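**Student:** Got a structure for you, written out below as structure tokens; questions coming shortly.
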Amino acid sequence: MLEIDAPILLHAHPHCHALAKIAGADSLFQIDGHSYPLDDRHMVVVNPWQPHGYPHALRTGNSVILALYLRGTWLKQLHRNFALRAESGFFPAPCFEMSECLKRRVGDLAVALQGLASGCTGLEEALYRLVINIMEESTDWRGVPGTRRAGRGSISDYRIRRSIDFMKQRAGQGFTFEEVARDAGLSRPHFFSLFKEQTKLTPSIFCNALRMEGAYLALPSPDLELRAISTALGFAAPSHFTRFFRNNLGIPPSEYRRLIAR
């Protein structure tokens, strides 16, 4: 659960994402350039790699948000059809009105999360029931072939596939987009336009996603200092890493580490 008290910059990630308001002010979330309500009645859902954020201009006050990041590997354990949540296009709409049952499920998980200090009793069951409810109300998950056709499609241009491999292999080492474009055999302007055409993302948002994925993998390890993680991800100073992480998730990395260690 996150208390959003500052803007969250436009970003993307490879997971499915579901958000529901727990307390505080109603707000708007921005997905693919459009604004959707995040209030007592509505849940916002985000497909993998959809750009989304919480711009300052849309703020109406602090909000406590239940934010689910759903990995395809975990979803596959619930039902084989859920594995396609790792692909774009699973959610047909970015926002839907919750039933009373789903509202109760959101509340049950919030209560379970707040009780983590005294043990995890009921947490797994509350999470399972909530995810099933989200699937039932927001998707036709039983009609898997239809959801696959609705996706954004694979990356067809080999030069963009090459550029993605280049950035993944050098994540944390530092590179310029001129170097990425040159390696793919493209000019910088052509690379930017072709990358956006093929992925629906800017190269900058994609690189930020790679850095956040690296942070998510490293932060659970208590033996790794934040300074070491910052350096490994290519930041000049820990303060730069902290600001970057907060701008993308809404909380600093130290708070994220504290929450997942509970």
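Naming works like this for the structure tokens: A, B, ... for the chains as they're shown, residue 1 at the start of each chain, ligands 1 onward in shown order.
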Give me the residues within 12 Å of Met167 in chain A as a list in words, counting only C-alpha atoms and dropping any in the same chain fewer than 3 places off.

**Tutor:**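 Using only C-alpha atoms, the neighbours found are Ile160, Arg161, Arg162, Ser163, Ile164, Arg170, Ala171, Gly172, Gln173, Gly174, Phe175, Thr176, Phe177, Glu178, Glu179, Val180, Ala181, Asp183, Ala184, Pro203, Ser204, Phe206, Cys207, Asn208, Ala209, Leu210 and Arg211 of chain A.
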
**Student:** If you keep C-alpha atoms, can you produce a file of those selected residues as a PDB file, in the first residue's frame?

**Tutor:**
```pdb
ATOM      1  CA  ILE A 160      14.641  -2.385 -32.496  1.00  0.00           C
ATOM      2  CA  ARG A 161      15.034  -5.918 -31.138  1.00  0.00           C
ATOM      3  CA  ARG A 162      18.792  -5.421 -31.423  1.00  0.00           C
ATOM      4  CA  SER A 163      18.630  -2.067 -29.660  1.00  0.00           C
ATOM      5  CA  ILE A 164      16.616  -3.608 -26.793  1.00  0.00           C
ATOM      6  CA  ARG A 170      24.531  -2.632 -20.783  1.00  0.00           C
ATOM      7  CA  ALA A 171      22.004  -1.682 -18.128  1.00  0.00           C
ATOM      8  CA  GLY A 172      23.950  -0.058 -15.326  1.00  0.00           C
ATOM      9  CA  GLN A 173      27.093   0.446 -17.414  1.00  0.00           C
ATOM     10  CA  GLY A 174      25.992   3.697 -18.955  1.00  0.00           C
ATOM     11  CA  PHE A 175      25.393   4.410 -22.624  1.00  0.00           C
ATOM     12  CA  THR A 176      24.014   7.131 -24.835  1.00  0.00           C
ATOM     13  CA  PHE A 177      21.127   6.769 -27.228  1.00  0.00           C
ATOM     14  CA  GLU A 178      23.503   7.765 -30.018  1.00  0.00           C
ATOM     15  CA  GLU A 179      25.451   4.582 -29.220  1.00  0.00           C
ATOM     16  CA  VAL A 180      22.289   2.498 -29.189  1.00  0.00           C
ATOM     17  CA  ALA A 181      21.141   3.953 -32.500  1.00  0.00           C
ATOM     18  CA  ASP A 183      24.692  -0.175 -32.966  1.00  0.00           C
ATOM     19  CA  ALA A 184      21.291  -0.731 -34.601  1.00  0.00           C
ATOM     20  CA  PRO A 203      13.673   4.790 -25.288  1.00  0.00           C
ATOM     21  CA  SER A 204      13.975   6.799 -22.049  1.00  0.00           C
ATOM     22  CA  PHE A 206      12.159   1.750 -21.498  1.00  0.00           C
ATOM     23  CA  CYS A 207      15.585   2.392 -19.953  1.00  0.00           C
ATOM     24  CA  ASN A 208      13.960   3.635 -16.758  1.00  0.00           C
ATOM     25  CA  ALA A 209      11.944   0.409 -16.630  1.00  0.00           C
ATOM     26  CA  LEU A 210      15.157  -1.620 -16.885  1.00  0.00           C
ATOM     27  CA  ARG A 211      16.624   0.324 -13.975  1.00  0.00           C
TER      28      ARG A 211
END
```

**Student:** Could you pull the residues within 12 Å of Ile4 in chain A, counting only C-alpha atoms, minus those fewer than 2 positions along the same chain, as a count of residues only?

**Tutor:** 35

**Student:** Interatomic distance between CA of Ala215 in chain A and CA of Ile229 in chain A?

**Tutor:**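 Computed distance, CA of Ala215 in chain A to CA of Ile229 in chain A, equals 7.1 Å.
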
**Student:** Write out as a ChimeraX atom specification which residues come within 12 Å of Glu197 in chain A when counting only C-alpha atoms, dropping same-chain ones fewer than 5 positions away.

**Tutor:** /A:152-157,160,190-192,202-203

**Student:** Quick one: pull the distance between CA of Ala237 in chain A and CA of Asp165 in chain A, Å, one decimal.

**Tutor:**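 Distance reported for this atom pair: 26.0 Å.
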
**Student:** Tell me, as a PDB file with N, CA and C atoms, in the first residue's frame, which residues lie within 10 Å of His13 in chain A, counting only C-alpha atoms; anything in the same chain fewer than 2 positions away does not count.

**Tutor:**
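Generated file (selection.pdb):
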```
ATOM      1  N   HIS A  11       5.846   6.330 -16.548  1.00  0.00           N
ATOM      2  CA  HIS A  11       6.762   5.197 -16.577  1.00  0.00           C
ATOM      3  C   HIS A  11       6.024   3.969 -17.094  1.00  0.00           C
ATOM      4  N   HIS A  15       5.062  -5.766 -15.899  1.00  0.00           N
ATOM      5  CA  HIS A  15       4.025  -6.463 -15.151  1.00  0.00           C
ATOM      6  C   HIS A  15       2.650  -5.866 -15.439  1.00  0.00           C
ATOM      7  N   CYS A  16       1.628  -6.664 -15.178  1.00  0.00           N
ATOM      8  CA  CYS A  16       0.279  -6.116 -15.091  1.00  0.00           C
ATOM      9  C   CYS A  16       0.172  -5.352 -13.771  1.00  0.00           C
ATOM     10  N   HIS A  17      -0.716  -4.399 -13.739  1.00  0.00           N
ATOM     11  CA  HIS A  17      -0.783  -3.471 -12.617  1.00  0.00           C
ATOM     12  C   HIS A  17      -2.260  -3.227 -12.313  1.00  0.00           C
ATOM     13  N   VAL A  46      -3.611  -1.713 -15.609  1.00  0.00           N
ATOM     14  CA  VAL A  46      -2.614  -1.316 -16.609  1.00  0.00           C
ATOM     15  C   VAL A  46      -2.006  -2.572 -17.223  1.00  0.00           C
ATOM     16  N   ASN A  47      -1.972  -2.622 -18.536  1.00  0.00           N
ATOM     17  CA  ASN A  47      -1.321  -3.728 -19.234  1.00  0.00           C
ATOM     18  C   ASN A  47       0.193  -3.562 -19.194  1.00  0.00           C
ATOM     19  N   PRO A  48       0.945  -4.637 -19.390  1.00  0.00           N
ATOM     20  CA  PRO A  48       2.394  -4.512 -19.452  1.00  0.00           C
ATOM     21  C   PRO A  48       2.837  -3.472 -20.482  1.00  0.00           C
ATOM     22  N   TRP A  49       3.795  -2.668 -20.081  1.00  0.00           N
ATOM     23  CA  TRP A  49       4.438  -1.665 -20.927  1.00  0.00           C
ATOM     24  C   TRP A  49       3.526  -0.510 -21.334  1.00  0.00           C
ATOM     25  N   GLN A  50       2.371  -0.382 -20.717  1.00  0.00           N
ATOM     26  CA  GLN A  50       1.557   0.815 -20.964  1.00  0.00           C
ATOM     27  C   GLN A  50       2.122   1.977 -20.141  1.00  0.00           C
ATOM     28  N   PRO A  51       2.464   3.086 -20.771  1.00  0.00           N
ATOM     29  CA  PRO A  51       2.939   4.246 -20.008  1.00  0.00           C
ATOM     30  C   PRO A  51       1.843   4.781 -19.094  1.00  0.00           C
ATOM     31  N   HIS A  52       2.176   5.011 -17.840  1.00  0.00           N
ATOM     32  CA  HIS A  52       1.194   5.501 -16.877  1.00  0.00           C
ATOM     33  C   HIS A  52       1.899   6.315 -15.802  1.00  0.00           C
ATOM     34  N   TYR A  69       1.350  -5.382  -8.337  1.00  0.00           N
ATOM     35  CA  TYR A  69       2.214  -5.640  -9.486  1.00  0.00           C
ATOM     36  C   TYR A  69       2.186  -7.146  -9.711  1.00  0.00           C
ATOM     37  N   ILE A 205      11.797   5.919 -21.372  1.00  0.00           N
ATOM     38  CA  ILE A 205      10.893   5.189 -20.482  1.00  0.00           C
ATOM     39  C   ILE A 205      11.308   3.730 -20.396  1.00  0.00           C
ATOM     40  N   PHE A 206      11.724   3.145 -21.516  1.00  0.00           N
ATOM     41  CA  PHE A 206      12.159   1.750 -21.498  1.00  0.00           C
ATOM     42  C   PHE A 206      13.407   1.579 -20.629  1.00  0.00           C
ATOM     43  N   ASN A 208      14.365   3.464 -18.161  1.00  0.00           N
ATOM     44  CA  ASN A 208      13.960   3.635 -16.758  1.00  0.00           C
ATOM     45  C   ASN A 208      13.327   2.360 -16.214  1.00  0.00           C
ATOM     46  N   ALA A 209      12.551   1.672 -17.056  1.00  0.00           N
ATOM     47  CA  ALA A 209      11.944   0.409 -16.630  1.00  0.00           C
ATOM     48  C   ALA A 209      13.006  -0.632 -16.331  1.00  0.00           C
ATOM     49  N   LEU A 210      14.062  -0.684 -17.141  1.00  0.00           N
ATOM     50  CA  LEU A 210      15.157  -1.620 -16.885  1.00  0.00           C
ATOM     51  C   LEU A 210      15.820  -1.322 -15.540  1.00  0.00           C
ATOM     52  N   MET A 212      14.430   0.190 -12.939  1.00  0.00           N
ATOM     53  CA  MET A 212      13.511  -0.161 -11.858  1.00  0.00           C
ATOM     54  C   MET A 212      13.469  -1.667 -11.647  1.00  0.00           C
ATOM     55  N   GLU A 213      13.517  -2.437 -12.712  1.00  0.00           N
ATOM     56  CA  GLU A 213      13.548  -3.894 -12.563  1.00  0.00           C
ATOM     57  C   GLU A 213      14.809  -4.330 -11.815  1.00  0.00           C
TER      58      GLU A 213
END
```

**Student:** Write out as a short mmCIF file (atom, residue, chain, number, x, y, z; two decimals) with N, CA and C atoms, in the first residue's frame all residues of range 50-255 of chain A that DSSP puts in alpha helix (DSSP H) for this structure's backbone.

**Tutor:**
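Resulting contents of out_20.cif:
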```cif
data_model
loop_
_atom_site.label_atom_id
_atom_site.label_comp_id
_atom_site.auth_asym_id
_atom_site.auth_seq_id
_atom_site.Cartn_x
_atom_site.Cartn_y
_atom_site.Cartn_z
N GLY A 72 3.62 -12.54 -14.51
CA GLY A 72 3.03 -13.66 -15.21
C GLY A 72 3.36 -15.00 -14.59
N THR A 73 4.58 -15.16 -14.05
CA THR A 73 4.98 -16.43 -13.45
C THR A 73 4.12 -16.75 -12.24
N TRP A 74 3.79 -15.73 -11.44
CA TRP A 74 2.93 -15.96 -10.27
C TRP A 74 1.49 -16.22 -10.70
N LEU A 75 1.02 -15.47 -11.67
CA LEU A 75 -0.36 -15.64 -12.14
C LEU A 75 -0.57 -17.03 -12.75
N LYS A 76 0.46 -17.55 -13.39
CA LYS A 76 0.35 -18.87 -14.00
C LYS A 76 0.07 -19.94 -12.96
N GLN A 77 0.54 -19.72 -11.73
CA GLN A 77 0.28 -20.69 -10.67
C GLN A 77 -1.20 -20.70 -10.27
N LEU A 78 -1.90 -19.59 -10.49
CA LEU A 78 -3.32 -19.53 -10.16
C LEU A 78 -4.16 -20.22 -11.23
N GLU A 100 -19.63 -4.61 -5.40
CA GLU A 100 -19.52 -4.57 -3.94
C GLU A 100 -18.63 -5.69 -3.44
N CYS A 101 -18.68 -6.83 -4.11
CA CYS A 101 -17.82 -7.95 -3.72
C CYS A 101 -16.35 -7.60 -3.89
N LEU A 102 -16.01 -6.99 -5.02
CA LEU A 102 -14.61 -6.63 -5.26
C LEU A 102 -14.15 -5.57 -4.27
N LYS A 103 -15.01 -4.63 -3.94
CA LYS A 103 -14.66 -3.62 -2.93
C LYS A 103 -14.31 -4.29 -1.60
N ARG A 104 -15.10 -5.31 -1.23
CA ARG A 104 -14.82 -6.03 0.02
C ARG A 104 -13.48 -6.75 -0.07
N ARG A 105 -13.19 -7.34 -1.24
CA ARG A 105 -11.92 -8.04 -1.41
C ARG A 105 -10.74 -7.07 -1.25
N VAL A 106 -10.88 -5.87 -1.83
CA VAL A 106 -9.83 -4.85 -1.68
C VAL A 106 -9.63 -4.52 -0.21
N GLY A 107 -10.73 -4.33 0.52
CA GLY A 107 -10.65 -4.04 1.94
C GLY A 107 -10.03 -5.17 2.73
N ASP A 108 -10.37 -6.42 2.37
CA ASP A 108 -9.82 -7.58 3.08
C ASP A 108 -8.30 -7.64 2.93
N LEU A 109 -7.81 -7.39 1.70
CA LEU A 109 -6.37 -7.44 1.48
C LEU A 109 -5.67 -6.29 2.21
N ALA A 110 -6.29 -5.12 2.22
CA ALA A 110 -5.72 -3.99 2.93
C ALA A 110 -5.57 -4.30 4.41
N VAL A 111 -6.60 -4.92 5.00
CA VAL A 111 -6.54 -5.30 6.42
C VAL A 111 -5.44 -6.34 6.64
N ALA A 112 -5.33 -7.31 5.73
CA ALA A 112 -4.30 -8.34 5.87
C ALA A 112 -2.90 -7.73 5.78
N LEU A 113 -2.72 -6.77 4.88
CA LEU A 113 -1.42 -6.11 4.75
C LEU A 113 -1.08 -5.30 5.99
N GLN A 114 -2.06 -4.63 6.55
CA GLN A 114 -1.83 -3.83 7.75
C GLN A 114 -1.50 -4.71 8.94
N LEU A 123 -3.27 -13.49 4.51
CA LEU A 123 -2.80 -12.64 3.42
C LEU A 123 -2.88 -13.35 2.07
N GLU A 124 -2.37 -14.56 1.99
CA GLU A 124 -2.35 -15.28 0.72
C GLU A 124 -3.77 -15.54 0.21
N GLU A 125 -4.66 -15.91 1.12
CA GLU A 125 -6.04 -16.17 0.72
C GLU A 125 -6.72 -14.90 0.25
N ALA A 126 -6.48 -13.78 0.95
CA ALA A 126 -7.08 -12.51 0.55
C ALA A 126 -6.56 -12.07 -0.81
N LEU A 127 -5.27 -12.27 -1.07
CA LEU A 127 -4.68 -11.90 -2.35
C LEU A 127 -5.25 -12.75 -3.47
N TYR A 128 -5.35 -14.06 -3.23
CA TYR A 128 -5.89 -14.97 -4.24
C TYR A 128 -7.32 -14.58 -4.61
N ARG A 129 -8.17 -14.36 -3.61
CA ARG A 129 -9.56 -14.03 -3.87
C ARG A 129 -9.69 -12.69 -4.62
N LEU A 130 -8.84 -11.73 -4.24
CA LEU A 130 -8.90 -10.43 -4.90
C LEU A 130 -8.52 -10.54 -6.37
N VAL A 131 -7.43 -11.24 -6.67
CA VAL A 131 -6.98 -11.36 -8.06
C VAL A 131 -8.03 -12.08 -8.91
N ILE A 132 -8.62 -13.14 -8.38
CA ILE A 132 -9.67 -13.83 -9.13
C ILE A 132 -10.84 -12.89 -9.42
N ASN A 133 -11.20 -12.09 -8.41
CA ASN A 133 -12.30 -11.13 -8.61
C ASN A 133 -11.96 -10.10 -9.67
N ILE A 134 -10.73 -9.59 -9.64
CA ILE A 134 -10.30 -8.61 -10.65
C ILE A 134 -10.41 -9.22 -12.04
N MET A 135 -9.94 -10.46 -12.18
CA MET A 135 -10.01 -11.14 -13.47
C MET A 135 -11.46 -11.26 -13.96
N GLU A 136 -12.32 -11.68 -13.06
CA GLU A 136 -13.71 -11.90 -13.44
C GLU A 136 -14.40 -10.62 -13.88
N GLU A 137 -14.07 -9.51 -13.24
CA GLU A 137 -14.79 -8.27 -13.50
C GLU A 137 -14.17 -7.41 -14.59
N SER A 138 -12.88 -7.60 -14.85
CA SER A 138 -12.22 -6.69 -15.80
C SER A 138 -11.86 -7.34 -17.12
N VAL A 144 -9.04 -16.79 -23.78
CA VAL A 144 -7.64 -16.39 -23.95
C VAL A 144 -7.27 -15.99 -25.36
N PRO A 145 -7.67 -16.74 -26.41
CA PRO A 145 -7.26 -16.33 -27.76
C PRO A 145 -7.66 -14.91 -28.10
N GLY A 146 -8.83 -14.47 -27.62
CA GLY A 146 -9.26 -13.11 -27.90
C GLY A 146 -8.36 -12.08 -27.25
N THR A 147 -7.90 -12.37 -26.01
CA THR A 147 -7.03 -11.42 -25.34
C THR A 147 -5.68 -11.35 -26.04
N ARG A 148 -5.22 -12.49 -26.57
CA ARG A 148 -3.94 -12.46 -27.27
C ARG A 148 -4.04 -11.58 -28.51
N ARG A 149 -5.15 -11.69 -29.25
CA ARG A 149 -5.28 -10.87 -30.46
C ARG A 149 -5.39 -9.39 -30.14
N TYR A 158 13.89 -5.93 -36.66
CA TYR A 158 15.06 -6.53 -36.02
C TYR A 158 15.99 -5.49 -35.42
N ARG A 159 15.98 -4.27 -35.98
CA ARG A 159 16.86 -3.22 -35.45
C ARG A 159 16.43 -2.78 -34.06
N ILE A 160 15.13 -2.74 -33.82
CA ILE A 160 14.64 -2.39 -32.50
C ILE A 160 14.87 -3.55 -31.52
N ARG A 161 14.70 -4.78 -31.99
CA ARG A 161 15.03 -5.92 -31.14
C ARG A 161 16.51 -5.88 -30.75
N ARG A 162 17.36 -5.52 -31.70
CA ARG A 162 18.79 -5.42 -31.42
C ARG A 162 19.08 -4.31 -30.41
N SER A 163 18.40 -3.19 -30.58
CA SER A 163 18.63 -2.07 -29.66
C SER A 163 18.18 -2.43 -28.24
N ILE A 164 17.09 -3.18 -28.11
CA ILE A 164 16.62 -3.61 -26.79
C ILE A 164 17.64 -4.53 -26.14
N ASP A 165 18.19 -5.47 -26.91
CA ASP A 165 19.23 -6.35 -26.38
C ASP A 165 20.45 -5.54 -25.94
N PHE A 166 20.80 -4.55 -26.73
CA PHE A 166 21.94 -3.68 -26.41
C PHE A 166 21.73 -3.01 -25.06
N MET A 167 20.55 -2.43 -24.85
CA MET A 167 20.27 -1.72 -23.61
C MET A 167 20.19 -2.67 -22.42
N LYS A 168 19.63 -3.86 -22.61
CA LYS A 168 19.56 -4.82 -21.51
C LYS A 168 20.95 -5.28 -21.09
N GLN A 169 21.81 -5.53 -22.06
CA GLN A 169 23.15 -6.03 -21.76
C GLN A 169 24.01 -4.98 -21.08
N PHE A 177 22.04 7.26 -26.19
CA PHE A 177 21.13 6.77 -27.23
C PHE A 177 21.77 6.87 -28.61
N GLU A 178 22.75 7.74 -28.76
CA GLU A 178 23.50 7.76 -30.02
C GLU A 178 24.22 6.43 -30.22
N GLU A 179 24.77 5.87 -29.13
CA GLU A 179 25.45 4.58 -29.22
C GLU A 179 24.46 3.46 -29.54
N VAL A 180 23.31 3.52 -28.92
CA VAL A 180 22.29 2.50 -29.19
C VAL A 180 21.85 2.56 -30.65
N ALA A 181 21.58 3.78 -31.12
CA ALA A 181 21.14 3.95 -32.50
C ALA A 181 22.22 3.49 -33.48
N ARG A 182 23.46 3.85 -33.21
CA ARG A 182 24.57 3.47 -34.10
C ARG A 182 24.71 1.95 -34.16
N ASP A 183 24.58 1.28 -32.99
CA ASP A 183 24.69 -0.17 -32.97
C ASP A 183 23.59 -0.83 -33.78
N ARG A 188 19.98 8.81 -34.89
CA ARG A 188 19.29 9.00 -33.61
C ARG A 188 17.81 9.35 -33.82
N PRO A 189 17.45 10.29 -34.71
CA PRO A 189 16.02 10.58 -34.90
C PRO A 189 15.23 9.38 -35.41
N HIS A 190 15.83 8.63 -36.36
CA HIS A 190 15.13 7.46 -36.89
C HIS A 190 14.95 6.40 -35.79
N PHE A 191 15.97 6.22 -34.98
CA PHE A 191 15.88 5.26 -33.87
C PHE A 191 14.74 5.63 -32.93
N PHE A 192 14.64 6.90 -32.54
CA PHE A 192 13.59 7.32 -31.61
C PHE A 192 12.20 7.10 -32.20
N SER A 193 12.02 7.47 -33.46
CA SER A 193 10.69 7.33 -34.06
C SER A 193 10.34 5.86 -34.27
N LEU A 194 11.30 5.05 -34.68
CA LEU A 194 11.03 3.64 -34.92
C LEU A 194 10.80 2.89 -33.60
N PHE A 195 11.54 3.26 -32.58
CA PHE A 195 11.36 2.62 -31.27
C PHE A 195 9.95 2.89 -30.74
N LYS A 196 9.50 4.14 -30.86
CA LYS A 196 8.16 4.50 -30.40
C LYS A 196 7.09 3.78 -31.23
N GLU A 197 7.32 3.69 -32.52
CA GLU A 197 6.37 3.01 -33.40
C GLU A 197 6.25 1.53 -33.05
N GLN A 198 7.38 0.89 -32.72
CA GLN A 198 7.39 -0.54 -32.48
C GLN A 198 6.97 -0.92 -31.05
N THR A 199 7.29 -0.09 -30.08
CA THR A 199 7.05 -0.46 -28.67
C THR A 199 5.98 0.37 -27.99
N PRO A 203 12.50 5.50 -25.82
CA PRO A 203 13.67 4.79 -25.29
C PRO A 203 13.96 5.14 -23.83
N SER A 204 13.71 6.39 -23.43
CA SER A 204 13.98 6.80 -22.05
C SER A 204 13.09 6.04 -21.07
N ILE A 205 11.80 5.92 -21.37
CA ILE A 205 10.89 5.19 -20.48
C ILE A 205 11.31 3.73 -20.40
N PHE A 206 11.72 3.14 -21.52
CA PHE A 206 12.16 1.75 -21.50
C PHE A 206 13.41 1.58 -20.63
N CYS A 207 14.36 2.48 -20.77
CA CYS A 207 15.59 2.39 -19.95
C CYS A 207 15.27 2.57 -18.47
N ASN A 208 14.36 3.46 -18.16
CA ASN A 208 13.96 3.63 -16.76
C ASN A 208 13.33 2.36 -16.21
N ALA A 209 12.55 1.67 -17.06
CA ALA A 209 11.94 0.41 -16.63
C ALA A 209 13.01 -0.63 -16.33
N LEU A 210 14.06 -0.68 -17.14
CA LEU A 210 15.16 -1.62 -16.89
C LEU A 210 15.82 -1.32 -15.54
N ARG A 211 16.01 -0.05 -15.25
CA ARG A 211 16.62 0.32 -13.98
C ARG A 211 15.73 -0.03 -12.79
N MET A 212 14.43 0.19 -12.94
CA MET A 212 13.51 -0.16 -11.86
C MET A 212 13.47 -1.67 -11.65
N GLU A 213 13.52 -2.44 -12.71
CA GLU A 213 13.55 -3.89 -12.56
C GLU A 213 14.81 -4.33 -11.82
N GLY A 214 15.93 -3.69 -12.14
CA GLY A 214 17.16 -3.99 -11.41
C GLY A 214 17.05 -3.65 -9.94
N ALA A 215 16.39 -2.54 -9.65
CA ALA A 215 16.20 -2.14 -8.25
C ALA A 215 15.29 -3.12 -7.51
N TYR A 216 14.20 -3.54 -8.17
CA TYR A 216 13.28 -4.49 -7.53
C TYR A 216 13.99 -5.80 -7.20
N LEU A 217 14.91 -6.23 -8.06
CA LEU A 217 15.62 -7.48 -7.82
C LEU A 217 16.65 -7.34 -6.70
N ALA A 218 17.26 -6.16 -6.59
CA ALA A 218 18.35 -5.98 -5.63
C ALA A 218 17.88 -5.59 -4.23
N LEU A 226 22.34 0.51 -0.18
CA LEU A 226 21.73 1.32 -1.23
C LEU A 226 22.78 1.97 -2.12
N ARG A 227 23.92 2.32 -1.54
CA ARG A 227 24.99 2.93 -2.35
C ARG A 227 25.47 1.95 -3.41
N ALA A 228 25.62 0.68 -3.04
CA ALA A 228 26.09 -0.33 -3.99
C ALA A 228 25.05 -0.57 -5.08
N ILE A 229 23.78 -0.59 -4.71
CA ILE A 229 22.72 -0.77 -5.70
C ILE A 229 22.69 0.42 -6.65
N SER A 230 22.83 1.61 -6.09
CA SER A 230 22.84 2.82 -6.90
C SER A 230 23.95 2.79 -7.94
N THR A 231 25.15 2.40 -7.52
CA THR A 231 26.29 2.33 -8.43
C THR A 231 26.07 1.28 -9.51
N ALA A 232 25.55 0.11 -9.10
CA ALA A 232 25.34 -0.98 -10.05
C ALA A 232 24.32 -0.60 -11.12
N PRO A 238 23.89 8.07 -4.62
CA PRO A 238 22.69 7.45 -4.05
C PRO A 238 21.48 8.38 -4.05
N SER A 239 21.71 9.68 -3.89
CA SER A 239 20.59 10.62 -3.88
C SER A 239 19.87 10.64 -5.23
N HIS A 240 20.63 10.45 -6.32
CA HIS A 240 20.02 10.40 -7.65
C HIS A 240 19.14 9.15 -7.78
N PHE A 241 19.63 8.03 -7.26
CA PHE A 241 18.86 6.80 -7.28
C PHE A 241 17.58 6.94 -6.45
N THR A 242 17.69 7.54 -5.28
CA THR A 242 16.52 7.74 -4.41
C THR A 242 15.47 8.59 -5.10
N ARG A 243 15.89 9.69 -5.72
CA ARG A 243 14.94 10.57 -6.41
C ARG A 243 14.30 9.85 -7.59
N PHE A 244 15.09 9.10 -8.34
CA PHE A 244 14.58 8.35 -9.49
C PHE A 244 13.55 7.32 -9.03
N PHE A 245 13.86 6.56 -8.00
CA PHE A 245 12.95 5.51 -7.52
C PHE A 245 11.65 6.11 -7.01
N ARG A 246 11.75 7.19 -6.25
CA ARG A 246 10.55 7.84 -5.73
C ARG A 246 9.69 8.40 -6.87
N ASN A 247 10.31 8.96 -7.88
CA ASN A 247 9.55 9.51 -9.01
C ASN A 247 8.80 8.43 -9.78
N ASN A 248 9.30 7.18 -9.73
CA ASN A 248 8.68 6.09 -10.47
C ASN A 248 7.70 5.27 -9.66
N LEU A 249 7.88 5.22 -8.33
CA LEU A 249 7.01 4.38 -7.51
C LEU A 249 6.23 5.15 -6.47
N PRO A 253 13.53 4.16 -2.08
CA PRO A 253 13.93 2.75 -2.02
C PRO A 253 14.07 2.22 -0.60
N SER A 254 14.46 3.06 0.34
CA SER A 254 14.57 2.61 1.73
C SER A 254 13.21 2.20 2.29
N GLU A 255 12.15 2.94 1.93
CA GLU A 255 10.81 2.60 2.39
C GLU A 255 10.31 1.33 1.71
#
```
